[in-house]
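One structure is given here, and the rest of the page talks about it.
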There are 2 protein chains.
Amino acid sequence: MKNAALLFALACGLLPASSAAQGPEKTLQEKLGYPRDAKLLIVHADDLGMTHSVNAASIHAFESGGINSASLMVPCPWFPEIADYAKSRPAADFGLHLVLTSERIYYRWGPVAPRDKVPSLVDANGYFHHDWPREARIDPKDVETEIRAQVARAMAMGVKPTHLDSHQNRLFQTNKDLFEVILRVAHENNLPVLIPRNWFADFPYLEKTVGPNDVVIDRVITMEPGLAPEKWPAFYENALEHLEPGVTEFVIHLAYADAEMKAATRERDTWGADWRQRDFDFFSSAEFRKLLHDNQIHLITWREIGRTMNPPAKTE
Amino acid sequence: MKNAALLFALACGLLPASSAAQGPEKTLQEKLGYPRDAKLLIVHADDLGMTHSVNAASIHAFESGGINSASLMVPCPWFPEIADYAKSRPAADFGLHLVLTSERIYYRWGPVAPRDKVPSLVDANGYFHHDWPREARIDPKDVETEIRAQVARAMAMGVKPTHLDSHQNRLFQTNKDLFEVILRVAHENNLPVLIPRNWFADFPYLEKTVGPNDVVIDRVITMEPGLAPEKWPAFYENALEHLEPGVTEFVIHLAYADAEMKAATRERDTWGADWRQRDFDFFSSAEFRKLLHDNQIHLITWREIGRTMNPPAKTE
């Protein structure tokens, strides 16, 4: 069967996806049972557990279909609230948002591992660093100790993560050593990791480090600082209307612009209370639902991606 | 001069307080420069740093005169916010509310000391215990390690505490060993500790353990569970109208009954969001101010009490 015919048959749903194994290497969308030109989207909220406001807004968006995936910050004080919710939704797509920084000023957290076991990760007061200056010597061994402790606490508290990613992308966008740490912990736990191909140009070690069994999605799309608030809906509309085939993750940040969130983020606007309220407003809107429908975008989750990594033993 | 005449003279402000040294041992109110029958009151908010809501309500009450003293929970995630405020008010009466438990379910914190250095204080997930069951073996060495770490972090972050007390009174109402720990740390830092005489009957080791240089106040008055919400103003009115001479501390708990506080305390009403809003409402009221005035109650602070412990060397 020629490729064009195969793609046509797949696109029409005439063949089970497994038949495509005869052709060239399958794309992730094909492994997921979709045709090669399908537009697949994960609508993923970061930072659950950070504050009650983040939890409440994210749970609302999850229940109402505004998001279908999220990741949880284990070291944060409101993690028990979201862990309790995650346990009540065992089919939901909740991963771990591994945390190595405490980037705010008035509201802070520190490591799950004993502080003296991860000295390069903590500041003079015992919190995670606000930021990593260039001269900071973040020890990959400390990072491995800490993220193992985060995974262990999550599991001990009843959370069964579907994937791993990294707060502020520290484990992806710092250096090869830290990327190897998250890959190693992910492999041991048989979990997919957020690795988007559109980061390869800026961080070439990502492409060089991933192995043949690591899942790579096509791209992350996320709001960056600098866009005027009134232009946010247009940013997301444009992204959805021009979404390319393959697997895309929208990384969004939800919260209510309430007293807690405003106080927690008041020293700067970026990823602050109003930022997160804007994300909440767009992804809760009928407009977002219509854009998904009109542009034939299919929602998928890391749970489904994880299944592509774990074929039954007989087919291996 | 006879005692009655001396007291009369002191009451009329005819003598400086130091002249009273010729009579029997001076009461704390006399050491503070007041007559023996003066009614002195510390209006003290606990739990600052616990949540943003507690901080915001307590700061509002402090600025408007509803409270004149408070203590701060160093291990809690909002401690940086209140530490920043405390630094901006160097004359304010802020002590440390030493913390050994994390009593809520959905919002939690753990020790300042490395977890593996205080094993008897932490649960399986690394937080402070919710509660101490009778069989819990709380190691006084762990307690000393932890409270030293809390004092050190507070000082490193610019807070100069005026006194020490204890969250849930764990250091006062557990056993003699733990009381000795807080006394020892207080002595080393030359700080007064909350030791009220009206606890001696229930915890006889308190009276047996205090030394001649420890300050003992007359009583703590605090709301206990069980009183119907509508009866709260009458409880405080009655306490103020019948306040006995000596030094009394009102231990109160302020917060707003907002989304954060309701979520943080939703598993039980005691010391919950509505409880704290009721305290805020009473101590922010004109009625409270009038009761202080009408009953000739003078407000004092731990800062003033601390000065009675530190007479200039030449008078010792």
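The way I read the labels, and the way they are meant: chains A, B, ... in the order of the structure tokens, residue 1 as the first residue of every chain, and ligand 1 as the first ligand shown, with later ones counted on from there.
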Show me, as a Markdown table, the residues of segment 18-87 of chain B having an atom within 10 Å of segment 67-81 of chain A, each with the closest atom pair and its distance in Å, using only C-alpha atoms.
| residue | atom | partner | partner_atom | distance |
| --- | --- | --- | --- | --- |
| B:Cys76 | CA | A:Pro77 | CA | 8.5 |
| B:Pro77 | CA | A:Pro77 | CA | 6.9 |
| B:Trp78 | CA | A:Pro77 | CA | 10.0 |
For the residues in that selection, give me N, CA, C and O atoms as a PDB file, in the first residue's frame.
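See part12.pdb below for the written result:
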ATOM      1  N   CYS B  76       5.773  28.903  58.045  1.00  0.00           N
ATOM      2  CA  CYS B  76       4.632  28.974  57.128  1.00  0.00           C
ATOM      3  C   CYS B  76       4.989  29.752  55.855  1.00  0.00           C
ATOM      4  O   CYS B  76       5.848  30.629  55.851  1.00  0.00           O
ATOM      5  N   PRO B  77       4.293  29.414  54.759  1.00  0.00           N
ATOM      6  CA  PRO B  77       4.676  29.960  53.444  1.00  0.00           C
ATOM      7  C   PRO B  77       4.521  31.466  53.313  1.00  0.00           C
ATOM      8  O   PRO B  77       5.197  32.068  52.486  1.00  0.00           O
ATOM      9  N   TRP B  78       3.655  32.070  54.101  1.00  0.00           N
ATOM     10  CA  TRP B  78       3.472  33.522  54.019  1.00  0.00           C
ATOM     11  C   TRP B  78       4.313  34.254  55.058  1.00  0.00           C
ATOM     12  O   TRP B  78       4.125  35.461  55.265  1.00  0.00           O
TER      13      TRP B  78
END
Legend entry - Distance-based interface of chain A with chain B, 9 Å, counting only C-alpha atoms, as a PyMOL selection string: chain A and resi 51-53+76-84+105-109+112-117+124-126+152-154+156-157+258-260+263-264
Inset, instruction - For segment 165-178 of chain B, work out the shell of residues within 6 Å, counting only C-alpha atoms and skipping chain neighbours fewer than 2 positions away, then give it as a PyMOL selection string. - result: chain B and resi 97-99+140+180-181+193-194+205
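Neighbouring residues of Thr248 of chain B at 10 Å or closer, counting only C-alpha atoms and skipping chain neighbours under 2 positions away, are Lys39, Leu40, Leu41, Ile42, Val43, Pro196, Arg197, Asn198, Ile217, Asp218, Arg219, Val220, Ile221, Leu243, Glu244, Pro245, Gly246, Phe250, Val251, Leu299 and Ile300 of chain B.
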Legend entry - Secondary structure check, strand (DSSP E or B) residues of segment 65-285 of chain B, as a PyMOL selection string: chain B and resi 69-72+94-98+122+128+164-166+193+196+217+219-222+246-252
Dump of C-alpha atoms for the selected residues, as a JSON list (two decimals), in the first residue's frame:
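What landed in out-v5.json:
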[["chain", "number", "residue", "atom", "x", "y", "z"],
["B", 69, "SER", "CA", 1.00, 42.74, 69.63],
["B", 70, "ALA", "CA", 1.32, 39.60, 67.53],
["B", 71, "SER", "CA", 3.49, 36.58, 66.91],
["B", 72, "LEU", "CA", 4.75, 35.13, 63.65],
["B", 94, "PHE", "CA", 6.14, 41.13, 67.05],
["B", 95, "GLY", "CA", 7.26, 37.89, 68.62],
["B", 96, "LEU", "CA", 7.67, 34.39, 67.27],
["B", 97, "HIS", "CA", 4.85, 31.89, 67.44],
["B", 98, "LEU", "CA", 7.02, 28.77, 67.49],
["B", 122, "VAL", "CA", 7.44, 15.03, 60.90],
["B", 128, "PHE", "CA", 4.76, 18.54, 60.77],
["B", 164, "LEU", "CA", 8.34, 33.91, 72.25],
["B", 165, "ASP", "CA", 5.15, 31.88, 72.40],
["B", 166, "SER", "CA", 3.98, 28.60, 70.99],
["B", 193, "VAL", "CA", 8.03, 34.02, 77.08],
["B", 196, "PRO", "CA", 0.48, 33.08, 82.43],
["B", 217, "ILE", "CA", 1.91, 37.45, 83.52],
["B", 219, "ARG", "CA", -3.54, 35.41, 82.75],
["B", 220, "VAL", "CA", -4.37, 34.57, 79.19],
["B", 221, "ILE", "CA", -7.95, 35.00, 78.05],
["B", 222, "THR", "CA", -8.86, 33.35, 74.77],
["B", 246, "GLY", "CA", -2.48, 42.75, 86.68],
["B", 247, "VAL", "CA", -1.24, 41.83, 83.24],
["B", 248, "THR", "CA", -3.65, 40.00, 80.94],
["B", 249, "GLU", "CA", -3.09, 38.83, 77.37],
["B", 250, "PHE", "CA", -6.02, 38.41, 75.04],
["B", 251, "VAL", "CA", -4.93, 35.73, 72.57],
["B", 252, "ILE", "CA", -6.97, 36.26, 69.42]]
Inset, instruction - Do a neighbour search on Ser285 of chain B at 12 Å with only C-alpha atoms, toss out local chain neighbours closer than 6 positions, and write the hits as JSON, numbers by chain. - result: {"B": [61, 64, 65, 66, 67, 233, 236, 237, 278, 279, 291, 292]}
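When only C-alpha atoms are used to measure the gap to Asp269 of chain A, the shortest distance among A:Gly226, A:Trp232, A:Asn189, A:His293 belongs to A:Gly226.
The nearest approach to Arg184 of chain A among the residues A:Ala234, A:Leu48, A:Ile138, A:Val143, with only C-alpha atoms taken into account, belongs to A:Val143.
Taking only segment 24-83 of chain B, the residues that DSSP calls helix (DSSP H, G or I) from the backbone come to Leu28, Gln29, Glu30, Lys31, His52, Ser53, Val54, Asn55, Ala56, Ala57, Ser58, Ile59, His60, Ala61, Phe62, Glu63, Phe79, Pro80, Glu81, Ile82 and Ala83 of chain B.
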If you keep N, CA and C atoms, can you produce a file of those selected residues as a PDB file, in the first residue's frame?
ATOM      1  N   LEU B  28       4.433  42.788  88.304  1.00  0.00           N
ATOM      2  CA  LEU B  28       4.832  43.140  86.938  1.00  0.00           C
ATOM      3  C   LEU B  28       4.275  44.506  86.549  1.00  0.00           C
ATOM      4  N   GLN B  29       3.032  44.775  86.966  1.00  0.00           N
ATOM      5  CA  GLN B  29       2.469  46.076  86.583  1.00  0.00           C
ATOM      6  C   GLN B  29       3.251  47.212  87.247  1.00  0.00           C
ATOM      7  N   GLU B  30       3.775  46.964  88.445  1.00  0.00           N
ATOM      8  CA  GLU B  30       4.598  47.996  89.088  1.00  0.00           C
ATOM      9  C   GLU B  30       5.935  48.153  88.362  1.00  0.00           C
ATOM     10  N   LYS B  31       6.519  47.028  87.994  1.00  0.00           N
ATOM     11  CA  LYS B  31       7.775  47.122  87.236  1.00  0.00           C
ATOM     12  C   LYS B  31       7.577  47.891  85.931  1.00  0.00           C
ATOM     13  N   HIS B  52      -2.088  34.413  53.679  1.00  0.00           N
ATOM     14  CA  HIS B  52      -2.179  35.833  53.344  1.00  0.00           C
ATOM     15  C   HIS B  52      -3.352  36.476  54.053  1.00  0.00           C
ATOM     16  N   SER B  53      -4.452  35.754  54.161  1.00  0.00           N
ATOM     17  CA  SER B  53      -5.649  36.302  54.809  1.00  0.00           C
ATOM     18  C   SER B  53      -5.361  36.676  56.260  1.00  0.00           C
ATOM     19  N   VAL B  54      -4.647  35.820  56.982  1.00  0.00           N
ATOM     20  CA  VAL B  54      -4.261  36.134  58.370  1.00  0.00           C
ATOM     21  C   VAL B  54      -3.378  37.383  58.379  1.00  0.00           C
ATOM     22  N   ASN B  55      -2.411  37.425  57.476  1.00  0.00           N
ATOM     23  CA  ASN B  55      -1.523  38.592  57.438  1.00  0.00           C
ATOM     24  C   ASN B  55      -2.297  39.880  57.161  1.00  0.00           C
ATOM     25  N   ALA B  56      -3.158  39.848  56.156  1.00  0.00           N
ATOM     26  CA  ALA B  56      -3.857  41.065  55.744  1.00  0.00           C
ATOM     27  C   ALA B  56      -4.768  41.566  56.861  1.00  0.00           C
ATOM     28  N   ALA B  57      -5.505  40.654  57.489  1.00  0.00           N
ATOM     29  CA  ALA B  57      -6.419  41.068  58.559  1.00  0.00           C
ATOM     30  C   ALA B  57      -5.630  41.557  59.774  1.00  0.00           C
ATOM     31  N   SER B  58      -4.526  40.892  60.093  1.00  0.00           N
ATOM     32  CA  SER B  58      -3.745  41.275  61.270  1.00  0.00           C
ATOM     33  C   SER B  58      -3.054  42.619  61.049  1.00  0.00           C
ATOM     34  N   ILE B  59      -2.535  42.834  59.844  1.00  0.00           N
ATOM     35  CA  ILE B  59      -1.910  44.127  59.543  1.00  0.00           C
ATOM     36  C   ILE B  59      -2.959  45.240  59.625  1.00  0.00           C
ATOM     37  N   HIS B  60      -4.140  44.974  59.097  1.00  0.00           N
ATOM     38  CA  HIS B  60      -5.207  45.986  59.168  1.00  0.00           C
ATOM     39  C   HIS B  60      -5.539  46.305  60.623  1.00  0.00           C
ATOM     40  N   ALA B  61      -5.657  45.270  61.438  1.00  0.00           N
ATOM     41  CA  ALA B  61      -5.992  45.481  62.853  1.00  0.00           C
ATOM     42  C   ALA B  61      -4.854  46.195  63.582  1.00  0.00           C
ATOM     43  N   PHE B  62      -3.635  45.874  63.219  1.00  0.00           N
ATOM     44  CA  PHE B  62      -2.486  46.525  63.846  1.00  0.00           C
ATOM     45  C   PHE B  62      -2.442  48.013  63.487  1.00  0.00           C
ATOM     46  N   GLU B  63      -2.675  48.294  62.224  1.00  0.00           N
ATOM     47  CA  GLU B  63      -2.613  49.693  61.771  1.00  0.00           C
ATOM     48  C   GLU B  63      -3.747  50.535  62.353  1.00  0.00           C
ATOM     49  N   PHE B  79       5.250  33.568  55.714  1.00  0.00           N
ATOM     50  CA  PHE B  79       6.144  34.275  56.635  1.00  0.00           C
ATOM     51  C   PHE B  79       6.930  35.392  55.952  1.00  0.00           C
ATOM     52  N   PRO B  80       7.435  35.196  54.737  1.00  0.00           N
ATOM     53  CA  PRO B  80       8.184  36.303  54.113  1.00  0.00           C
ATOM     54  C   PRO B  80       7.362  37.586  54.011  1.00  0.00           C
ATOM     55  N   GLU B  81       6.070  37.461  53.742  1.00  0.00           N
ATOM     56  CA  GLU B  81       5.235  38.672  53.653  1.00  0.00           C
ATOM     57  C   GLU B  81       5.189  39.406  54.998  1.00  0.00           C
ATOM     58  N   ILE B  82       4.990  38.663  56.077  1.00  0.00           N
ATOM     59  CA  ILE B  82       4.844  39.332  57.365  1.00  0.00           C
ATOM     60  C   ILE B  82       6.212  39.751  57.913  1.00  0.00           C
ATOM     61  N   ALA B  83       7.246  39.022  57.556  1.00  0.00           N
ATOM     62  CA  ALA B  83       8.595  39.447  57.951  1.00  0.00           C
ATOM     63  C   ALA B  83       8.929  40.786  57.302  1.00  0.00           C
TER      64      ALA B  83
END
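Taking atom CA of Lys87 of chain B and atom CA of Glu188 of chain B as endpoints, the distance between them is 22.3 Å.
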